[in-house]
file run_31.cif (mmCIF, C-alpha atoms)
data_structure
loop_
_atom_site.group_PDB
_atom_site.id
_atom_site.type_symbol
_atom_site.label_atom_id
_atom_site.label_comp_id
_atom_site.auth_asym_id
_atom_site.auth_seq_id
_atom_site.Cartn_x
_atom_site.Cartn_y
_atom_site.Cartn_z
ATOM 1 C CA VAL A 1 -4.976 13.138 -9.836
ATOM 2 C CA THR A 2 -5.357 15.743 -12.567
ATOM 3 C CA ALA A 3 -7.512 17.949 -10.314
ATOM 4 C CA ILE A 4 -4.938 17.796 -7.508
ATOM 5 C CA GLY A 5 -2.169 18.596 -9.982
ATOM 6 C CA ASN A 6 -4.082 21.508 -11.450
ATOM 7 C CA ASP A 7 -5.228 22.904 -8.092
ATOM 8 C CA MET A 8 -2.189 22.243 -5.892
ATOM 9 C CA GLY A 9 0.690 21.508 -8.268
ATOM 10 C CA PHE A 10 1.961 18.153 -9.423
ATOM 11 C CA GLU A 11 4.525 18.048 -6.593
ATOM 12 C CA GLU A 12 1.530 17.592 -4.241
ATOM 13 C CA VAL A 13 -0.283 14.853 -6.201
ATOM 14 C CA PHE A 14 0.700 11.974 -3.918
ATOM 15 C CA ALA A 15 1.268 13.961 -0.700
ATOM 16 C CA HIS A 16 -2.314 15.223 -0.750
ATOM 17 C CA GLN A 17 -3.602 11.664 -1.050
ATOM 18 C CA VAL A 18 -1.376 10.601 1.853
ATOM 19 C CA ARG A 19 -2.714 13.485 3.960
ATOM 20 C CA VAL A 20 -6.324 12.619 3.190
ATOM 21 C CA LEU A 21 -6.208 8.812 3.115
ATOM 22 C CA GLY A 22 -3.101 7.764 5.063
ATOM 23 C CA GLN A 23 -3.377 6.447 8.602
ATOM 24 C CA PRO A 24 -0.645 5.758 11.161
ATOM 25 C CA GLU A 25 0.904 2.333 10.556
ATOM 26 C CA ASP A 26 -0.270 2.257 6.901
ATOM 27 C CA MET A 27 2.516 1.658 4.403
ATOM 28 C CA LEU A 28 3.513 3.922 1.534
ATOM 29 C CA ILE A 29 5.722 2.424 -1.148
ATOM 30 C CA GLY A 30 7.239 5.012 -3.469
ATOM 31 C CA MET A 31 9.126 4.341 -6.691
ATOM 32 C CA THR A 32 11.360 6.816 -8.453
ATOM 33 C CA THR A 33 14.446 6.737 -10.646
ATOM 34 C CA THR A 34 15.152 10.466 -10.302
ATOM 35 C CA ALA A 35 14.098 11.473 -6.748
ATOM 36 C CA SER A 36 10.898 12.989 -8.159
ATOM 37 C CA ALA A 37 9.592 15.764 -5.922
ATOM 38 C CA ASN A 38 6.062 14.310 -5.875
ATOM 39 C CA VAL A 39 7.352 10.979 -4.505
ATOM 40 C CA CYS A 40 9.773 12.562 -2.011
ATOM 41 C CA ILE A 41 7.133 14.925 -0.620
ATOM 42 C CA ALA A 42 4.649 12.055 -0.255
ATOM 43 C CA LEU A 43 7.251 9.983 1.624
ATOM 44 C CA MET A 44 7.896 12.895 4.006
ATOM 45 C CA GLU A 45 4.169 13.363 4.563
ATOM 46 C CA ALA A 46 3.758 9.645 5.278
ATOM 47 C CA TRP A 47 6.619 9.737 7.778
ATOM 48 C CA HIS A 48 4.979 12.689 9.578
ATOM 49 C CA LYS A 49 1.747 10.686 9.815
ATOM 50 C CA GLY A 50 3.530 7.725 11.407
ATOM 51 C CA MET A 51 3.261 5.515 8.334
ATOM 52 C CA TYR A 52 5.795 2.909 7.275
ATOM 53 C CA THR A 53 7.760 4.154 4.287
ATOM 54 C CA VAL A 54 9.519 2.174 1.578
ATOM 55 C CA VAL A 55 11.184 3.553 -1.527
ATOM 56 C CA ILE A 56 12.309 1.612 -4.576
ATOM 57 C CA CYS A 57 14.855 3.683 -6.475
ATOM 58 C CA SER A 58 18.069 3.677 -8.466
ATOM 59 C CA GLU A 59 21.496 3.406 -6.877
ATOM 60 C CA ARG A 60 22.101 7.064 -7.752
ATOM 61 C CA VAL A 61 19.030 8.296 -5.843
ATOM 62 C CA ALA A 62 18.056 7.719 -2.233
ATOM 63 C CA PRO A 63 14.953 9.581 -1.048
ATOM 64 C CA SER A 64 14.392 9.346 2.688
ATOM 65 C CA ALA A 65 12.394 6.296 3.798
ATOM 66 C CA LYS A 66 12.482 3.698 6.557
ATOM 67 C CA VAL A 67 13.366 1.016 3.990
ATOM 68 C CA THR A 68 15.253 1.766 0.778
ATOM 69 C CA VAL A 69 15.581 -0.732 -2.067
ATOM 70 C CA GLN A 70 18.204 0.528 -4.500
ATOM 71 C CA LEU A 71 18.317 -1.143 -7.896
ATOM 72 C CA PRO A 72 21.187 -1.125 -10.395
ATOM 73 C CA GLY A 73 21.152 0.371 -13.859
ATOM 74 C CA LYS A 74 23.241 2.690 -15.973
ATOM 75 C CA ASP A 75 20.245 4.758 -17.089
ATOM 76 C CA THR A 76 16.567 5.313 -16.316
ATOM 77 C CA ALA A 77 15.350 2.606 -18.697
ATOM 78 C CA GLU A 78 17.576 -0.041 -17.103
ATOM 79 C CA VAL A 79 16.509 0.942 -13.584
ATOM 80 C CA GLN A 80 12.843 0.827 -14.609
ATOM 81 C CA ASN A 81 13.415 -2.638 -16.073
ATOM 82 C CA GLU A 82 14.998 -3.745 -12.776
ATOM 83 C CA MET A 83 12.004 -2.273 -10.917
ATOM 84 C CA MET A 84 9.624 -4.382 -12.981
ATOM 85 C CA LYS A 85 11.668 -7.528 -12.270
ATOM 86 C CA PHE A 86 11.732 -6.686 -8.569
ATOM 87 C CA LEU A 87 7.975 -6.076 -8.443
ATOM 88 C CA HIS A 88 7.273 -9.361 -10.247
ATOM 89 C CA GLN A 89 9.467 -11.209 -7.747
ATOM 90 C CA LEU A 90 7.722 -9.461 -4.859
ATOM 91 C CA ALA A 91 4.293 -10.387 -6.259
ATOM 92 C CA ALA A 92 5.351 -14.031 -6.699
ATOM 93 C CA LEU A 93 6.601 -14.134 -3.112
ATOM 94 C CA ALA A 94 3.364 -12.619 -1.820
ATOM 95 C CA LYS A 95 1.324 -15.112 -3.841
ATOM 96 C CA ARG A 96 3.319 -18.014 -2.364
ATOM 97 C CA GLN A 97 2.842 -16.657 1.158
ATOM 98 C CA VAL A 98 -0.925 -16.325 0.667
ATOM 99 C CA LYS A 99 -1.183 -19.837 -0.791
ATOM 100 C CA GLU A 100 0.744 -21.281 2.174
ATOM 101 C CA ALA A 101 -1.460 -19.417 4.654
ATOM 102 C CA ILE A 102 -4.688 -20.622 3.003
ATOM 103 C CA PHE A 103 -3.775 -24.227 2.280
#
call {"tool": "encode", "arguments": {"input": "run_31.cif", "output": "structure tokens"}}
result
Amino acid sequence: VTAIGNDMGFEEVFAHQVRVLGQPEDMLIGMTTTASANVCIALMEAWHKGMYTVVICSERVAPSAKVTVQLPGKDTAEVQNEMMKFLHQLAALAKRQVKEAIF
């Protein structure tokens, strides 16, 4: 990541990885509270590659993605806290789904 940032600029950190590693029908999930350029550019790159795009962001920010999950919060810290809660709930749901599929 540091090499990409140094060589190409930190706005390209994630987009370069999407270009190199992303395949059509892969999924990119981006998270940002401020519409960070590096996340927005990566989401655009993923869309151009035919990938599924999801963004988890604050209510004040809505980068372009196929699915947008906007979380409440009056400031960055609150939104980040909501993101952590959301991700924990998502992980618990995934764990339940895997358990049901196996057993």
call {"tool": "resolve_selection", "arguments": {"input": "run_31.cif", "expression": "the PyMOL selection byres ((chain A and resi 82-85) around 12)", "output": "ChimeraX atom specification"}}
result
/A:30-33,55-59,69-81,86-92
call {"tool": "closest_residue", "arguments": {"input": "run_31.cif", "among": "A:Asn38, A:Glu100, A:Lys49, A:Val67", "to": "Gly5 of chain A", "atoms": "all atoms listed in the file"}}
result
A:Asn38
call {"tool": "resolve_selection", "arguments": {"input": "run_31.cif", "expression": "the PyMOL selection byres ((chain A and resi 7-21) around 7)", "output": "PDB file with C-alpha atoms, in the frame of the given file"}}
result
ATOM      1  CA  VAL A   1      -4.976  13.138  -9.836  1.00  0.00           C
ATOM      2  CA  ALA A   3      -7.512  17.949 -10.314  1.00  0.00           C
ATOM      3  CA  ILE A   4      -4.938  17.796  -7.508  1.00  0.00           C
ATOM      4  CA  GLY A   5      -2.169  18.596  -9.982  1.00  0.00           C
ATOM      5  CA  ASN A   6      -4.082  21.508 -11.450  1.00  0.00           C
ATOM      6  CA  GLY A  22      -3.101   7.764   5.063  1.00  0.00           C
ATOM      7  CA  GLN A  23      -3.377   6.447   8.602  1.00  0.00           C
ATOM      8  CA  ALA A  37       9.592  15.764  -5.922  1.00  0.00           C
ATOM      9  CA  ASN A  38       6.062  14.310  -5.875  1.00  0.00           C
ATOM     10  CA  VAL A  39       7.352  10.979  -4.505  1.00  0.00           C
ATOM     11  CA  ILE A  41       7.133  14.925  -0.620  1.00  0.00           C
ATOM     12  CA  ALA A  42       4.649  12.055  -0.255  1.00  0.00           C
ATOM     13  CA  GLU A  45       4.169  13.363   4.563  1.00  0.00           C
ATOM     14  CA  ALA A  46       3.758   9.645   5.278  1.00  0.00           C
TER      15      ALA A  46
END
call {"tool": "atom_distance", "arguments": {"input": "run_31.cif", "atom1": "atom CA of Met27 of chain A", "atom2": "atom CA of Ala94 of chain A"}}
result
15.6 Å
call {"tool": "atom_distance", "arguments": {"input": "run_31.cif", "atom1": "atom CA of Ser36 of chain A", "atom2": "atom CA of Thr53 of chain A"}}
result
15.6 Å
call {"tool": "atom_distance", "arguments": {"input": "run_31.cif", "atom1": "atom CA of Tyr52 of chain A", "atom2": "atom CA of Ala65 of chain A"}}
result
8.2 Å
call {"tool": "axis_aligned_box", "arguments": {"input": "run_31.cif", "around": "segment 65-82 of chain A", "padding_each_side": "8 Å", "output": "lines of an AutoDock Vina configuration file"}}
result
center_x = 17.8
center_y = 1.3
center_z = -6.1
size_x = 26.8
size_y = 26.0
size_z = 41.3
